[in-house]
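Undergrad: So here's final-v7.cif (mmCIF, C-alpha atoms).
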data_protein
#
loop_
_atom_site.label_atom_id
_atom_site.label_comp_id
_atom_site.auth_asym_id
_atom_site.auth_seq_id
_atom_site.Cartn_x
_atom_site.Cartn_y
_atom_site.Cartn_z
CA ALA A 1117 0.00 0.00 0.00
CA ARG A 1118 1.19 3.51 -0.73
CA GLY A 1119 -0.42 5.04 2.29
CA GLU A 1120 -2.21 8.36 2.27
CA ALA A 1121 -1.59 10.13 -1.02
CA ALA A 1122 -0.17 13.62 -1.02
CA PRO A 1123 -1.63 16.24 -3.38
CA GLY A 1124 -0.53 15.36 -6.91
CA ALA A 1125 0.66 11.92 -5.86
CA GLU A 1126 -1.45 9.97 -8.36
CA ALA A 1127 0.01 11.83 -11.33
CA GLY A 1128 3.44 11.48 -9.77
CA TRP A 1129 3.01 7.74 -9.37
CA GLU A 1130 1.86 7.42 -12.96
CA TYR A 1131 5.17 8.92 -14.03
CA ARG A 1132 7.08 6.88 -11.46
CA GLU A 1133 5.58 3.62 -12.70
CA GLN A 1134 6.64 4.51 -16.23
CA THR A 1135 10.13 5.39 -14.98
CA GLY A 1136 10.59 2.13 -13.08
CA GLN A 1137 13.56 0.85 -11.15
CA LYS A 1138 16.80 0.77 -13.05
CA SER A 1139 20.17 -0.90 -12.74
CA ILE A 1140 22.92 1.55 -13.62
CA GLY A 1141 26.41 0.13 -13.67
CA GLY A 1142 25.20 -2.78 -11.55
CA LYS A 1143 23.73 -0.50 -8.88
CA ALA A 1144 19.97 -0.46 -8.36
CA GLY A 1145 18.20 2.88 -8.23
CA PHE A 1146 15.75 5.15 -9.98
CA LEU A 1147 16.66 7.12 -13.07
CA VAL A 1148 14.46 10.23 -13.26
CA GLY A 1149 14.51 11.35 -16.87
CA GLU A 1150 14.39 14.81 -18.43
CA ARG A 1151 10.67 14.36 -19.13
CA LEU A 1152 9.95 15.16 -15.50
CA TRP A 1153 10.54 18.84 -16.36
CA GLU A 1154 7.35 18.70 -18.43
CA GLU A 1155 5.33 18.05 -15.27
CA PRO A 1156 4.08 20.75 -12.85
CA PRO A 1157 6.41 21.53 -9.92
CA LEU A 1158 4.07 19.81 -7.46
CA ILE A 1159 4.28 16.57 -9.44
CA GLN A 1160 8.07 16.88 -9.66
CA ARG A 1161 8.40 17.24 -5.88
CA THR A 1162 5.90 14.49 -5.15
CA LEU A 1163 7.62 12.00 -7.41
CA VAL A 1164 11.11 12.64 -6.07
CA MET A 1165 9.86 12.39 -2.48
CA GLU A 1166 8.14 9.06 -3.23
CA LEU A 1167 11.27 7.63 -4.86
CA MET A 1168 13.48 8.73 -1.97
CA ALA A 1169 11.10 7.21 0.58
CA GLU A 1170 11.01 3.92 -1.32
CA LEU A 1171 14.79 3.71 -1.58
CA ALA A 1172 15.25 4.65 2.09
CA GLY A 1173 12.38 2.55 3.40
CA SER A 1174 11.22 5.54 5.40
CA ARG A 1175 10.14 9.16 5.04
CA LYS A 1176 11.70 10.24 8.30
CA ASP A 1177 14.56 12.73 7.88
CA ILE A 1178 13.73 13.26 4.19
CA SER A 1179 12.67 16.88 3.85
CA THR A 1180 11.46 19.20 1.11
CA VAL A 1181 14.95 20.75 1.17
CA HIS A 1182 16.43 17.43 0.02
CA VAL A 1183 13.83 17.22 -2.73
CA GLU A 1184 14.48 20.77 -3.96
CA GLN A 1185 18.25 20.25 -3.93
CA THR A 1186 17.82 17.06 -5.94
CA LEU A 1187 15.64 18.75 -8.55
CA LYS A 1188 18.23 21.51 -8.93
CA LEU A 1189 20.61 18.89 -10.30
CA PHE A 1190 18.68 19.05 -13.59
CA SER A 1191 20.26 22.47 -14.20
CA ARG A 1192 23.73 21.34 -13.17
CA GLN A 1193 26.58 19.79 -15.12
CA VAL A 1194 26.84 16.05 -15.59
CA GLY A 1195 28.72 14.52 -12.67
CA ARG A 1196 27.25 16.70 -9.95
CA ARG A 1197 26.33 14.68 -6.87
CA LEU A 1198 24.33 15.24 -3.71
CA ASP A 1199 24.51 13.23 -0.50
CA LEU A 1200 21.13 12.42 1.02
CA PRO A 1201 19.91 10.76 4.24
CA TYR A 1202 20.00 6.96 4.62
CA GLU A 1203 23.23 6.68 2.61
CA MET A 1204 21.41 7.75 -0.53
CA GLU A 1205 22.90 9.75 -3.36
CA ALA A 1206 21.49 11.82 -6.22
CA SER A 1207 23.74 12.34 -9.23
CA ARG A 1208 23.34 14.19 -12.52
CA THR A 1209 23.86 11.83 -15.43
CA TYR A 1210 23.57 12.30 -19.17
CA ASP A 1211 20.07 10.80 -19.02
CA GLY A 1212 18.65 12.66 -16.01
CA ILE A 1213 19.05 12.25 -12.24
CA LEU A 1214 20.04 8.92 -10.71
CA LEU A 1215 18.74 8.23 -7.20
CA ARG A 1216 20.35 5.28 -5.48
CA ARG A 1217 21.64 3.86 -2.21
CA LYS A 1218 25.39 3.81 -1.72
CA GLU A 1219 27.00 0.44 -1.21
CA GLU A 1220 29.20 -0.47 1.73
CA GLY A 1221 32.83 0.23 0.94
CA GLU A 1222 31.90 2.01 -2.27
CA GLU A 1223 34.28 4.92 -1.66
CA GLU A 1224 37.16 2.45 -1.87
CA GLU A 1225 36.24 1.27 -5.38
CA SER A 1226 38.88 1.96 -8.03
CA ARG A 1227 38.25 4.91 -10.29
CA PRO A 1228 37.81 4.47 -14.04
CA LYS A 1229 40.91 4.59 -16.21
CA MET A 1230 40.61 3.73 -19.89
CA GLN A 1231 43.18 3.93 -22.67
CA VAL A 1232 42.19 6.15 -25.59
CA GLU A 1233 43.40 5.20 -29.04
CA PRO A 1234 42.58 6.72 -32.44
CA GLY A 1235 40.03 4.65 -34.30
CA LYS A 1236 38.61 3.11 -31.14
CA THR A 1237 35.58 3.91 -29.00
CA VAL A 1238 35.66 3.98 -25.19
CA GLU A 1239 32.47 3.35 -23.21
CA ILE A 1240 32.28 5.90 -20.39
CA LEU A 1241 29.19 4.54 -18.63
CA PRO A 1242 27.26 1.31 -19.24
CA GLY A 1243 24.95 2.00 -22.17
CA GLY A 1244 26.68 5.27 -23.03
CA PRO A 1245 27.82 7.92 -23.44
CA TRP A 1246 30.98 7.03 -25.32
CA MET A 1247 34.23 8.72 -26.28
CA ARG A 1248 35.74 8.16 -29.72
CA ALA A 1249 38.96 9.43 -31.25
CA ARG A 1250 40.20 9.72 -34.83
CA ILE A 1251 43.11 11.29 -36.70
CA LEU A 1252 42.47 13.95 -39.34
CA GLU A 1253 45.11 14.86 -41.90
CA LYS A 1254 45.42 18.60 -42.36
CA THR A 1255 44.95 19.78 -45.94
CA GLY A 1256 44.85 23.13 -47.70
CA GLU A 1257 41.10 23.22 -47.22
CA PHE A 1258 41.18 22.15 -43.61
CA GLN A 1259 37.86 22.95 -42.00
CA GLU A 1260 37.37 25.36 -39.11
CA ILE A 1261 38.12 24.07 -35.61
CA PRO A 1262 34.81 23.01 -34.03
CA LYS A 1263 33.65 25.22 -31.16
CA LYS A 1264 31.72 22.53 -29.31
CA THR A 1265 31.67 21.51 -25.68
CA TYR A 1266 32.04 17.79 -26.32
CA THR A 1267 34.10 17.70 -29.54
CA LYS A 1268 37.71 18.87 -29.31
CA TRP A 1269 40.73 18.97 -31.61
CA PHE A 1270 44.34 18.50 -30.52
CA ASP A 1271 47.71 18.67 -32.29
CA TYR A 1272 48.40 14.94 -32.62
CA ASP A 1273 52.13 15.35 -33.28
CA LYS A 1274 52.59 16.95 -29.85
CA ILE A 1275 51.29 13.81 -28.13
CA LYS A 1276 54.21 11.49 -27.34
CA ASN A 1277 52.76 9.00 -24.86
CA THR A 1278 49.61 6.99 -24.14
CA LEU A 1279 46.39 8.92 -23.59
CA TRP A 1280 44.09 7.95 -20.75
CA LEU A 1281 40.53 8.85 -19.97
CA ARG A 1282 40.29 8.94 -16.18
CA THR A 1283 39.43 11.00 -13.14
CA ARG A 1284 41.80 13.46 -11.47
CA GLU A 1285 45.14 12.64 -9.88
CA ALA A 1286 47.16 14.70 -7.43
CA GLU A 1287 49.80 15.97 -9.88
CA ASP A 1288 47.44 16.88 -12.74
CA TYR A 1289 47.95 20.21 -14.49
CA PHE A 1290 47.34 21.96 -17.82
CA ASP A 1291 48.81 24.93 -19.69
CA MET A 1292 46.73 28.04 -19.18
CA ASP A 1293 48.06 30.04 -22.12
CA SER A 1294 50.45 30.04 -25.08
CA ARG A 1295 53.30 31.16 -22.82
CA GLY A 1296 53.20 27.78 -21.09
CA ARG A 1297 51.98 28.98 -17.72
CA ARG A 1298 50.71 25.98 -15.81
CA GLN A 1299 47.78 25.62 -13.45
CA SER A 1300 47.05 22.60 -11.31
CA LEU A 1301 43.75 20.86 -11.87
CA ARG A 1302 43.02 21.31 -8.19
CA ARG A 1303 43.41 25.11 -8.44
CA TYR A 1304 41.25 25.18 -11.57
CA PHE A 1305 38.43 23.37 -9.79
CA ILE A 1306 38.64 25.84 -6.92
CA ASN A 1307 38.63 28.86 -9.24
CA GLU A 1308 35.69 27.49 -11.24
CA LYS A 1309 33.81 26.66 -8.01
CA VAL A 1310 33.47 22.98 -8.92
CA SER A 1311 32.04 21.41 -5.78
CA LEU A 1312 34.02 18.89 -3.76
CA GLU A 1313 31.28 16.33 -4.33
CA ILE A 1314 31.96 16.06 -8.06
CA ARG A 1315 35.68 16.75 -8.49
CA ASP A 1316 36.41 13.03 -8.34
CA THR A 1317 33.78 12.32 -11.03
CA VAL A 1318 34.91 14.80 -13.69
CA LEU A 1319 36.67 12.96 -16.50
CA VAL A 1320 39.95 14.17 -17.94
CA LEU A 1321 41.88 13.18 -21.05
CA ALA A 1322 45.52 13.08 -19.99
CA GLU A 1323 49.04 12.28 -21.17
CA GLY A 1324 50.80 11.45 -17.93
CA SER A 1325 49.97 14.32 -15.55
CA HIS A 1326 49.37 16.79 -18.37
CA VAL A 1327 45.63 17.15 -18.91
CA LEU A 1328 44.69 17.74 -22.53
CA TRP A 1329 40.97 18.11 -21.82
CA ILE A 1330 38.88 18.60 -18.72
CA VAL A 1331 35.78 17.08 -20.28
CA GLY A 1332 32.92 19.56 -20.32
CA TYR A 1333 35.21 22.45 -19.31
CA ARG A 1334 38.37 23.40 -21.23
CA ILE A 1335 41.51 22.11 -22.97
CA SER A 1336 45.22 22.74 -22.43
CA GLU A 1337 46.82 25.41 -24.59
CA ALA A 1338 49.83 23.13 -25.14
CA TYR A 1339 47.90 20.82 -27.47
CA LYS A 1340 45.91 23.40 -29.41
CA VAL A 1341 45.75 23.17 -33.18
CA THR A 1342 47.73 25.91 -34.96
CA LYS A 1343 48.62 26.72 -38.58
CA GLU A 1344 51.72 24.56 -38.16
CA THR A 1345 49.68 21.50 -37.16
CA GLY A 1346 50.05 18.55 -39.52
CA ARG A 1347 47.76 15.95 -37.97
CA VAL A 1348 44.74 16.52 -35.75
CA LEU A 1349 43.38 14.23 -33.07
CA GLU A 1350 39.62 14.70 -32.85
CA VAL A 1351 38.03 13.47 -29.63
CA GLN A 1352 34.27 13.41 -29.18
CA VAL A 1353 31.96 12.48 -26.33
CA TYR A 1354 28.54 11.48 -27.58
CA GLY A 1355 25.40 9.53 -26.70
CA GLY A 1356 23.12 9.67 -23.68
CA ASN A 1357 21.64 13.15 -23.46
CA ILE A 1358 24.60 14.90 -25.10
CA HIS A 1359 23.52 16.96 -28.10
CA GLU A 1360 25.73 19.43 -29.98
#
As structure tokens, how would this structure be written, given the file I've shared?
TA:
Amino acid sequence: ARGEAAPGAEAGWEYREQTGQKSIGGKAGFLVGERLWEEPPLIQRTLVMELMAELAGSRKDISTVHVEQTLKLFSRQVGRRLDLPYEMEASRTYDGILLRRKEEGEEEESRPKMQVEPGKTVEILPGGPWMRARILEKTGEFQEIPKKTYTKWFDYDKIKNTLWLRTREAEDYFDMDSRGRRQSLRRYFINEKVSLEIRDTVLVLAEGSHVLWIVGYRISEAYKVTKETGRVLEVQVYGGNIHE
């Protein structure tokens, strides 16, 4: 039994039953899709409250503040996370907001680290999105560098070692400008006000400790394409809810 229904609960449950329980990366939870934004605010709040209560097994200590903070994730960047009562977590994904219970010892799990090679596709999350890389030969009619958030070009001949797609490491840095001035990734996150909760979830494309691309943010000046560039490495993140 659902108990006494709150105002708007029936419409909220209709959406909830269509949403269903998901398994994301082997972890059970509820994936609240972008379509929720089409519903009135009361329905949005009712649905999220119901899902939280079901995951927690109780409504106690779950407040409207938690609900509002969770809904705000829709306007945040992918990777943003929010800790909730009962060891629950809300996280912004490419497909919406994932509500789930944390698992014991989860913080000790190894972070993702995947080798990136031209001509191959790397799966970032189960079911997408993906990252793919390819080499473009520069010609006299070379097209304009794309100004897109999730498609970037790099001077391939400046890359000497293996590229990895991973999360941050202590010594990570990038070149801020053409003069070669460096900034640590840690300082960049502080300056850009990237919350502590998501710094460990932001993906970077790196050669050793030199970060070519803070995915979703910026690239290093050291690998930028110039008129002297011969070969270009194009890297694209696509799938999920990414649209450029």
Undergrad: Go through A:Asp1273, A:Glu1239, A:Glu1287, A:Glu1154 one by one, measure the shortest atom-to-atom distance of each to A:Leu1252 using all atoms listed in the file, and give the residue with the smallest value.
TA: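 Counting all atoms listed in the file, the residue closest to A:Leu1252 is A:Asp1273.
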Undergrad: Atom CA of A:Arg1282 to atom CA of A:His1326: how many Å, to one decimal?
TA: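 According to the coordinates, atom CA of A:Arg1282 and atom CA of A:His1326 are separated by 12.2 Å.
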Undergrad: Would you mind listing what lies within 12 Å of A:Tyr1304 as a list of chain:residue names, with all atoms listed in the file counted and same-chain residues fewer than 6 positions away left out?
TA: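 In the requested format, the answer is A:Arg1284, A:Asp1288, A:Tyr1289, A:Phe1290, A:Asp1291, A:Met1292, A:Arg1298, A:Val1310, A:Ser1311, A:Arg1315, A:Val1327, A:Ile1330, A:Tyr1333, A:Arg1334, A:Ile1335, A:Ser1336.
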Undergrad: Got a sec: who's within 7 Å of A:Ser1207, counting all atoms listed in the file, leaving out chain neighbours fewer than 6 positions off, as a count of residues only?
TA: 7
Undergrad: Distance atom CA of A:Lys1176-atom CA of A:Phe1146, one decimal place?
TA: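 We find that atom CA of A:Lys1176 and atom CA of A:Phe1146 lie 19.4 Å from each other.
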Undergrad: How many Å lie between atom CA of A:Pro1234 and atom CA of A:Gln1299, rounded to one decimal?
TA: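 Answer for the atom CA of A:Pro1234 to atom CA of A:Gln1299 separation: 27.3 Å.
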Undergrad: List the residues matched by the PyMOL selection byres ((chain A and resi 1150) around 9) in the displayed structure as a PyMOL selection string, ordered by chain and then by residue number.
TA: chain A and resi 1148-1149+1151-1154+1190+1211-1213+1357
Undergrad: Skipping near chain neighbours, those fewer than 5 positions away, what residues fall within 9 Å of A:Ile1275 using all atoms listed in the file, listed as number ranges by chain?
TA: A: 1270, 1323, 1339
Undergrad: Can you list, as an MDAnalysis selection string, every protein, DNA or RNA residue that comes within 8 Å of A:Lys1268 when you count all atoms listed in the file, leaving out same-chain residues fewer than 5 positions away?
TA: chainID A and resid 1262:1263 1350:1352
Undergrad: Find the residue from A:Lys1309, A:Ile1240, A:Tyr1272, A:Arg1217 that sits nearest to A:Lys1254; use all atoms listed in the file when measuring.
TA: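 Looking at the shortest contact to A:Lys1254, the residue is A:Tyr1272.
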Undergrad: With distances taken over all atoms listed in the file, which of A:Ile1314, A:Leu1158, A:Ala1322, A:Ala1249 is nearest to A:Lys1276?
TA: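 Closest candidate: A:Ala1322.
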Undergrad: Which residues match the PyMOL selection byres ((chain A and resi 1168) around 10) in the file above, as JSON, numbers by chain?
TA: {"A": [1145, 1146, 1163, 1164, 1165, 1166, 1167, 1169, 1170, 1171, 1172, 1173, 1174, 1175, 1178, 1182, 1183, 1200, 1201, 1202, 1204, 1205, 1206, 1215, 1216, 1217]}
Undergrad: When you count only C-alpha atoms, which of these residues is closest to A:Gly1296: A:Pro1157, A:Ser1191, A:Ala1338, A:Ser1179?
TA: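 Of the candidates, the smallest distance to A:Gly1296 is held by A:Ala1338.
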Undergrad: Which polymer residues have any atom within 9 Å of an atom of A:Pro1228, counting only C-alpha atoms, with same-chain residues fewer than 2 positions away left out, as JSON, numbers by chain?
TA: {"A": [1226, 1230, 1240, 1281, 1282, 1283, 1319]}
Undergrad: With 5 Å added on each side, what axis-aligned box encloses every listed atom of stretch 1331-1346 of chain A? Give the centre and edge lengths in Å to one decimal, as AutoDock Vina command-line options.
TA:
--center_x 42.3 --center_y 21.9 --center_z -29.4 --size_x 28.8 --size_y 19.6 --size_z 30.2
Undergrad: What residues come out when you apply the PyMOL selection byres ((chain A and resi 1278) around 8) to this file, written as a PyMOL selection string?
TA: chain A and resi 1231-1232+1276-1277+1279-1280+1323-1324
Undergrad: I need the chosen residues saved as a PDB file, in the coordinates of the input, with C-alpha atoms.
TA:
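Saved result, result_11.pdb, follows:
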ATOM      1  CA  GLN A1231      43.180   3.930 -22.670  1.00  0.00           C
ATOM      2  CA  VAL A1232      42.190   6.150 -25.590  1.00  0.00           C
ATOM      3  CA  LYS A1276      54.210  11.490 -27.340  1.00  0.00           C
ATOM      4  CA  ASN A1277      52.760   9.000 -24.860  1.00  0.00           C
ATOM      5  CA  LEU A1279      46.390   8.920 -23.590  1.00  0.00           C
ATOM      6  CA  TRP A1280      44.090   7.950 -20.750  1.00  0.00           C
ATOM      7  CA  GLU A1323      49.040  12.280 -21.170  1.00  0.00           C
ATOM      8  CA  GLY A1324      50.800  11.450 -17.930  1.00  0.00           C
TER       9      GLY A1324
END
Undergrad: Would you mind telling me which residue in A:Thr1180, A:Gln1193, A:Thr1317, A:Thr1209 lies nearest to A:Gly1332 when using all atoms listed in the file?
TA: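 Smallest separation from A:Gly1332 among the options: A:Gln1193.
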Undergrad: For each of A:Leu1321, A:Leu1349, A:Leu1187, A:Val1341, take the minimum atom-to-atom distance to A:Gly1235, counting all atoms listed in the file, then give the residue where this is smallest.
TA: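 The closest residue to A:Gly1235 is A:Leu1349.
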